[in-house]
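Trainee: First the structure, which I've put down as structure tokens, then a few questions once you've had a look.
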Amino acid sequence: MRYAFLILILLIPFVAAENNSQNNSISRVNCSLASLLSERLYTGVTYEKLFKVKNEQYTKGMDAIDVTVAYNLSRNDTLLWNRSFTVAIKSWKTAGTGELRVNETGNYTLCGRVSGDSVCQVFIAIDPALEPCNITLSLELKEPKLYYENGETIKFWNRLDAGDSPFSIRYWIEDLDGELQKLTLTENTNQKRWTPHTNKEFDVFLLKNEIELLACNNTNNKTSDERLIVVKGEKREPVYESNIEIKLSEPKNGYEFGDEVKARIILYKGNTSKYSVKAFVEDVHGKKVSSTATMYAKKKYTDYDVTLPILLDEREGSGKHTVVIEGLGISASEKIWVKGKESEEHQEQIVEEEKETVIITSFYTRNTKPKDEINLYANIKGNGNVEVELVGLLDYQENKIELENSYKYKTAVSMQEGPNVFLLKVKDDDVLTQQVLLLEMTDEIRKVEKFTHQPTPQPPTPTTEEKEEEIEKEQRPDSNFITGAAYDADTTTVAVPVLLGIMGALLLGLILHKR
């Protein structure tokens, strides 16, 4: 009886508002109103679907109409506020039907009124920090496959059993370079979908998710998950000529000396044994006025898409400058305008000794027969305190070394039946500078390799420099491995665009998932 009396009192402001002002009137259409709130809500959480507004006069083909709903909130017989919203509806609508957020626990009553109907909902607000829960988040693919076709829609679910607790899940797709393909925040566990597109013969993506918000005290730390997606594109005939394209994203206020120029390099390596690509900025006289960023493109007939950071020197004067990209026997350039400091503001020029980037020059094994344990070898170049990390299906190793110019890495690893894949990483001052994949080839994998590899044309007559490089390769023991590109990361890390075979990519995903 008490609640009935309270609800009657709460509806009085709606009647007064309807009679007081034409501008604040409730929409005069025959509509019904239903509450969407449960009897238990949580403090600190914003609810945006409060009512279901239905047009009782709707007939097929009718245009949308604007409906205004007035609503208020009370607590312990005290009116807290009056509000209203207007929505355009045809038949019915739930999205955008008000907003509610309470910050204190207790009993509340929410009432709404529209021309033709009114409704009230009593609820209790609970502090989510006091509600214990044990919730796990996972990803589930509708059709798990070894690989998906280019342009094929991939359907998946974010699996989370949160009961009545409000939640939000962030999920995204990224490639092996860490570049985002899709990023979405959802408040439901309905089926999601994503359609990959690639211009490579094979491409690898990571589907990831994590809990953004959970209105309970979760005792389970399994609040994220990831899945590997391998996409099979169209097999292309090799193009022998290499190509470089530059894309610059100029800041709103232009470049100034001391700024960082981020040069996006879209590169195709054709039939050449050269692999070093350098990026720098020079003035109108051809004098270099920046640091030099370097990347290594070691696989022929491969696309690379990387961003190299180039740090401009500190100097006076303003003028036209040129971003230069050169390597693989070709070059490209792009003009930019750089503003310098005024003479009275110019500080003493800062010259930092350029530090040699730590890279893996080779990663291989001399093993030719199936064994329970084999040795892996790597040659690492650079200087400083370096962390070397090896990840395998059966092994995980981490070593810290004091690197002076070069280091020969050797380690024993366990083998299992079938294919074995290993990932070698080097970090300089906790910054990942390179990672290289090695796939130990068995007869089973060789059958897949014939399907994935592109034909290798007869190379042209090598130059003296190329002959020296081939002699160095011949002195190295034979090895069965797939490697990606190494990057000179003297300012930021650039991940490895590895062109994987189907099985190699799948096993790499298992390793990354396991770690």
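Identifiers in this document derive from the order of the structure tokens: chains are assigned A, B, ..., residues are numbered from 1 separately in each chain, and ligands are numbered from 1 in order of occurrence.
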Do a neighbour search on Asn55 in chain A at 6 Å with only C-alpha atoms, toss out local chain neighbours closer than 4 positions, and write the hits as a PDB file with N, CA, C and O atoms, in the first residue's frame.
Mentor:
```pdb
ATOM      1  N   CYS A  31       0.898   5.585 -26.986  1.00  0.00           N
ATOM      2  CA  CYS A  31       2.089   4.751 -26.805  1.00  0.00           C
ATOM      3  C   CYS A  31       1.996   3.993 -25.492  1.00  0.00           C
ATOM      4  O   CYS A  31       1.333   4.420 -24.547  1.00  0.00           O
ATOM      5  N   SER A  91       7.708   1.250 -34.781  1.00  0.00           N
ATOM      6  CA  SER A  91       6.922   0.327 -33.995  1.00  0.00           C
ATOM      7  C   SER A  91       7.283   0.420 -32.514  1.00  0.00           C
ATOM      8  O   SER A  91       6.443   0.688 -31.667  1.00  0.00           O
ATOM      9  N   TRP A  92       8.593   0.229 -32.176  1.00  0.00           N
ATOM     10  CA  TRP A  92       9.030   0.320 -30.786  1.00  0.00           C
ATOM     11  C   TRP A  92      10.533   0.580 -30.741  1.00  0.00           C
ATOM     12  O   TRP A  92      11.237   0.409 -31.750  1.00  0.00           O
TER      13      TRP A  92
END
```
Trainee: Fewer than 4 positions away in the same chain doesn't count, so skip those; otherwise give me all residues within 6 Å of range 313-323 of chain A, counting only C-alpha atoms, as a PyMOL selection string.
Mentor: chain A and resi 257-258+280-283+289-290+333-341+349
Trainee: Check range 80-219 of chain A with DSSP on the backbone and list each residue it calls strand (DSSP E or B), as a ChimeraX atom specification.
Mentor: /A:80-89,92-93,97,100,106-114,117-126,132-133,138-141,148-149,154-159,167-175,180-186,192-194,202-214,217-218
Trainee: Export C-alpha atoms of the chosen residues as a PDB file, in the first residue's frame?
Mentor:
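Written output follows (out20.pdb):
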```pdb
ATOM      1  CA  LEU A  80      15.861  13.063  -6.596  1.00  0.00           C
ATOM      2  CA  TRP A  81      15.317  14.420 -10.114  1.00  0.00           C
ATOM      3  CA  ASN A  82      12.980  14.843 -13.119  1.00  0.00           C
ATOM      4  CA  ARG A  83      14.167  14.284 -16.698  1.00  0.00           C
ATOM      5  CA  SER A  84      12.842  13.610 -20.204  1.00  0.00           C
ATOM      6  CA  PHE A  85      14.022  12.274 -23.551  1.00  0.00           C
ATOM      7  CA  THR A  86      12.660  12.235 -27.095  1.00  0.00           C
ATOM      8  CA  VAL A  87      13.102   9.325 -29.505  1.00  0.00           C
ATOM      9  CA  ALA A  88      11.965   8.691 -33.072  1.00  0.00           C
ATOM     10  CA  ILE A  89      10.151   5.361 -33.333  1.00  0.00           C
ATOM     11  CA  TRP A  92       9.030   0.320 -30.786  1.00  0.00           C
ATOM     12  CA  LYS A  93      12.420   1.262 -29.439  1.00  0.00           C
ATOM     13  CA  THR A  97      15.579   5.548 -23.705  1.00  0.00           C
ATOM     14  CA  LEU A 100      20.406   6.266 -14.996  1.00  0.00           C
ATOM     15  CA  GLY A 106      19.713   1.554  -1.194  1.00  0.00           C
ATOM     16  CA  ASN A 107      16.139   1.218  -2.493  1.00  0.00           C
ATOM     17  CA  TYR A 108      15.079   3.376  -5.469  1.00  0.00           C
ATOM     18  CA  THR A 109      12.020   3.854  -7.648  1.00  0.00           C
ATOM     19  CA  LEU A 110      12.161   4.881 -11.313  1.00  0.00           C
ATOM     20  CA  CYS A 111       8.917   6.082 -12.950  1.00  0.00           C
ATOM     21  CA  GLY A 112       8.218   7.013 -16.568  1.00  0.00           C
ATOM     22  CA  ARG A 113       5.218   8.471 -18.375  1.00  0.00           C
ATOM     23  CA  VAL A 114       4.252   8.870 -21.991  1.00  0.00           C
ATOM     24  CA  ASP A 117       0.744   4.960 -20.406  1.00  0.00           C
ATOM     25  CA  SER A 118       3.004   5.140 -17.330  1.00  0.00           C
ATOM     26  CA  VAL A 119       5.172   2.660 -15.436  1.00  0.00           C
ATOM     27  CA  CYS A 120       7.245   2.497 -12.232  1.00  0.00           C
ATOM     28  CA  GLN A 121      10.043   0.080 -11.266  1.00  0.00           C
ATOM     29  CA  VAL A 122      11.366  -0.486  -7.739  1.00  0.00           C
ATOM     30  CA  PHE A 123      14.979  -1.657  -7.531  1.00  0.00           C
ATOM     31  CA  ILE A 124      17.826  -2.042  -5.045  1.00  0.00           C
ATOM     32  CA  ALA A 125      21.295  -0.618  -5.793  1.00  0.00           C
ATOM     33  CA  ILE A 126      24.206  -2.845  -4.741  1.00  0.00           C
ATOM     34  CA  PRO A 132      31.997 -11.923  -5.249  1.00  0.00           C
ATOM     35  CA  CYS A 133      32.168 -13.714  -8.610  1.00  0.00           C
ATOM     36  CA  SER A 138      37.268 -16.826 -23.605  1.00  0.00           C
ATOM     37  CA  LEU A 139      37.071 -16.654 -27.400  1.00  0.00           C
ATOM     38  CA  GLU A 140      35.235 -19.267 -29.450  1.00  0.00           C
ATOM     39  CA  LEU A 141      35.408 -19.554 -33.237  1.00  0.00           C
ATOM     40  CA  TYR A 148      40.581 -19.126 -43.844  1.00  0.00           C
ATOM     41  CA  GLU A 149      40.121 -17.902 -47.397  1.00  0.00           C
ATOM     42  CA  ILE A 154      34.931 -15.334 -39.609  1.00  0.00           C
ATOM     43  CA  LYS A 155      32.272 -15.696 -36.914  1.00  0.00           C
ATOM     44  CA  PHE A 156      33.122 -15.867 -33.207  1.00  0.00           C
ATOM     45  CA  TRP A 157      31.829 -15.312 -29.687  1.00  0.00           C
ATOM     46  CA  ASN A 158      33.203 -13.617 -26.576  1.00  0.00           C
ATOM     47  CA  ARG A 159      32.238 -16.232 -23.988  1.00  0.00           C
ATOM     48  CA  PHE A 167      30.069  -5.913 -18.156  1.00  0.00           C
ATOM     49  CA  SER A 168      31.857  -4.642 -21.213  1.00  0.00           C
ATOM     50  CA  ILE A 169      34.352  -6.525 -23.370  1.00  0.00           C
ATOM     51  CA  ARG A 170      36.977  -4.999 -25.622  1.00  0.00           C
ATOM     52  CA  TYR A 171      37.930  -7.161 -28.604  1.00  0.00           C
ATOM     53  CA  TRP A 172      40.217  -6.452 -31.524  1.00  0.00           C
ATOM     54  CA  ILE A 173      42.190  -7.974 -34.411  1.00  0.00           C
ATOM     55  CA  GLU A 174      45.827  -7.143 -35.069  1.00  0.00           C
ATOM     56  CA  ASP A 175      48.448  -8.407 -37.504  1.00  0.00           C
ATOM     57  CA  LEU A 180      45.025  -2.842 -35.525  1.00  0.00           C
ATOM     58  CA  GLN A 181      42.537  -4.170 -38.072  1.00  0.00           C
ATOM     59  CA  LYS A 182      39.438  -3.794 -35.876  1.00  0.00           C
ATOM     60  CA  LEU A 183      38.734  -2.526 -32.329  1.00  0.00           C
ATOM     61  CA  THR A 184      35.294  -2.738 -30.707  1.00  0.00           C
ATOM     62  CA  LEU A 185      33.746  -2.416 -27.240  1.00  0.00           C
ATOM     63  CA  THR A 186      30.669  -4.572 -26.625  1.00  0.00           C
ATOM     64  CA  LYS A 192      30.528 -11.223 -33.805  1.00  0.00           C
ATOM     65  CA  ARG A 193      32.054 -11.347 -37.266  1.00  0.00           C
ATOM     66  CA  TRP A 194      35.124 -10.084 -39.118  1.00  0.00           C
ATOM     67  CA  PHE A 202      49.397 -16.022 -46.587  1.00  0.00           C
ATOM     68  CA  ASP A 203      48.735 -13.585 -43.756  1.00  0.00           C
ATOM     69  CA  VAL A 204      48.496 -14.072 -39.986  1.00  0.00           C
ATOM     70  CA  PHE A 205      46.264 -12.178 -37.550  1.00  0.00           C
ATOM     71  CA  LEU A 206      45.585 -12.357 -33.809  1.00  0.00           C
ATOM     72  CA  LEU A 207      42.009 -12.139 -32.520  1.00  0.00           C
ATOM     73  CA  LYS A 208      42.102 -10.872 -28.913  1.00  0.00           C
ATOM     74  CA  ASN A 209      39.706  -9.828 -26.160  1.00  0.00           C
ATOM     75  CA  GLU A 210      39.755  -8.590 -22.562  1.00  0.00           C
ATOM     76  CA  ILE A 211      37.251  -7.558 -19.903  1.00  0.00           C
ATOM     77  CA  GLU A 212      36.936  -3.767 -19.842  1.00  0.00           C
ATOM     78  CA  LEU A 213      34.341  -3.530 -17.037  1.00  0.00           C
ATOM     79  CA  LEU A 214      32.845  -6.109 -14.678  1.00  0.00           C
ATOM     80  CA  ASN A 217      34.624  -8.677  -7.397  1.00  0.00           C
ATOM     81  CA  ASN A 218      36.102 -11.259  -9.755  1.00  0.00           C
TER      82      ASN A 218
END
```
Trainee: Any idea what the distance is between CA of Gly44 in chain A and CA of Ile135 in chain A?
Mentor: 19.8 Å
Trainee: Considering only C-alpha atoms, can you say which of A:Ile360, A:Val431, A:Leu146, A:Met62 comes closest to Val230 in chain A?
Mentor: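 The answer is A:Leu146, which sits nearest to Val230 in chain A.
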Trainee: Let me make sure I understand: among A:Lys278, A:Lys427, A:Lys269, A:Lys52, which one has the smallest atom-to-atom distance to Lys298 in chain A if we use only C-alpha atoms?
Mentor: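 Looking at the shortest contact to Lys298 in chain A, the residue is A:Lys269.
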Trainee: Give me the residues near Leu328 in chain A as a compact mmCIF listing (two decimals) with N, CA, C and O atoms, in the first residue's frame, where near means some atom within 9 Å (using only C-alpha atoms) and where sequence neighbours in that chain fewer than 6 positions away do not count.
Mentor:
```txt
# COMPACT_ATOMS: atom_id res chain seq x y z
N SER A 242 62.02 -4.58 -57.68
CA SER A 242 61.66 -4.09 -56.34
C SER A 242 61.00 -2.72 -56.47
O SER A 242 61.15 -2.02 -57.48
N ASN A 243 60.29 -2.32 -55.42
CA ASN A 243 59.58 -1.04 -55.45
C ASN A 243 59.48 -0.47 -54.04
O ASN A 243 59.30 -1.21 -53.07
N LYS A 269 60.15 -6.38 -52.21
CA LYS A 269 61.48 -6.85 -52.58
C LYS A 269 61.34 -7.90 -53.66
O LYS A 269 60.67 -8.92 -53.48
N GLY A 270 61.97 -7.65 -54.80
CA GLY A 270 61.94 -8.58 -55.91
C GLY A 270 63.14 -9.49 -55.91
O GLY A 270 63.57 -10.01 -54.86
N THR A 272 66.53 -9.61 -55.77
CA THR A 272 67.80 -8.98 -55.43
C THR A 272 68.31 -9.55 -54.12
O THR A 272 67.52 -9.90 -53.24
N SER A 273 69.65 -9.70 -54.02
CA SER A 273 70.23 -10.19 -52.78
C SER A 273 70.48 -9.05 -51.78
O SER A 273 70.83 -9.30 -50.63
N LYS A 274 70.29 -7.81 -52.21
CA LYS A 274 70.44 -6.68 -51.28
C LYS A 274 69.24 -6.64 -50.35
O LYS A 274 68.12 -6.95 -50.76
N TYR A 275 69.45 -6.26 -49.10
CA TYR A 275 68.33 -6.28 -48.14
C TYR A 275 68.27 -5.08 -47.22
O TYR A 275 67.33 -4.89 -46.48
N SER A 276 69.29 -4.23 -47.19
CA SER A 276 69.30 -3.08 -46.29
C SER A 276 68.56 -1.90 -46.90
O SER A 276 68.77 -1.55 -48.07
N VAL A 277 67.66 -1.29 -46.11
CA VAL A 277 66.91 -0.10 -46.55
C VAL A 277 67.07 0.98 -45.49
O VAL A 277 66.78 0.75 -44.31
N ALA A 297 65.14 -6.19 -45.27
CA ALA A 297 64.16 -7.01 -45.99
C ALA A 297 64.89 -8.19 -46.61
O ALA A 297 65.51 -8.07 -47.67
```
Trainee: What is the distance between CA of Tyr409 in chain A and CA of Asn385 in chain A, in Å to one decimal?
Mentor: 14.7 Å
Trainee: Mind giving me the straight-line distance from CA of Leu437 in chain A to CA of Lys425 in chain A in Å, one decimal?
Mentor: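 So the answer is 9.0 Å.
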Trainee: Using only C-alpha atoms, find the one residue out of A:Ser414, A:Thr292, A:Asn399, A:Ser165 that sits nearest to Ser38 in chain A.
Mentor: A:Ser165
Trainee: Excluding same-chain residues fewer than 6 positions from Asp303 in chain A, what lies within 8 Å of it counting only C-alpha atoms, as a list in words?
Mentor: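 Neighbouring residues, sequence-local ones excluded: Lys200, Ile266, Leu267, Tyr268 and Lys269 of chain A.
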Trainee: Convert the current residue selection to file output with C-alpha atoms, as a PDB file, in the first residue's frame.
Mentor:
```pdb
ATOM      1  CA  LYS A 200      49.681 -11.630 -49.485  1.00  0.00           C
ATOM      2  CA  ILE A 266      55.519   0.323 -48.425  1.00  0.00           C
ATOM      3  CA  LEU A 267      58.155  -1.933 -49.935  1.00  0.00           C
ATOM      4  CA  TYR A 268      58.241  -4.870 -52.309  1.00  0.00           C
ATOM      5  CA  LYS A 269      61.481  -6.853 -52.582  1.00  0.00           C
TER       6      LYS A 269
END
```
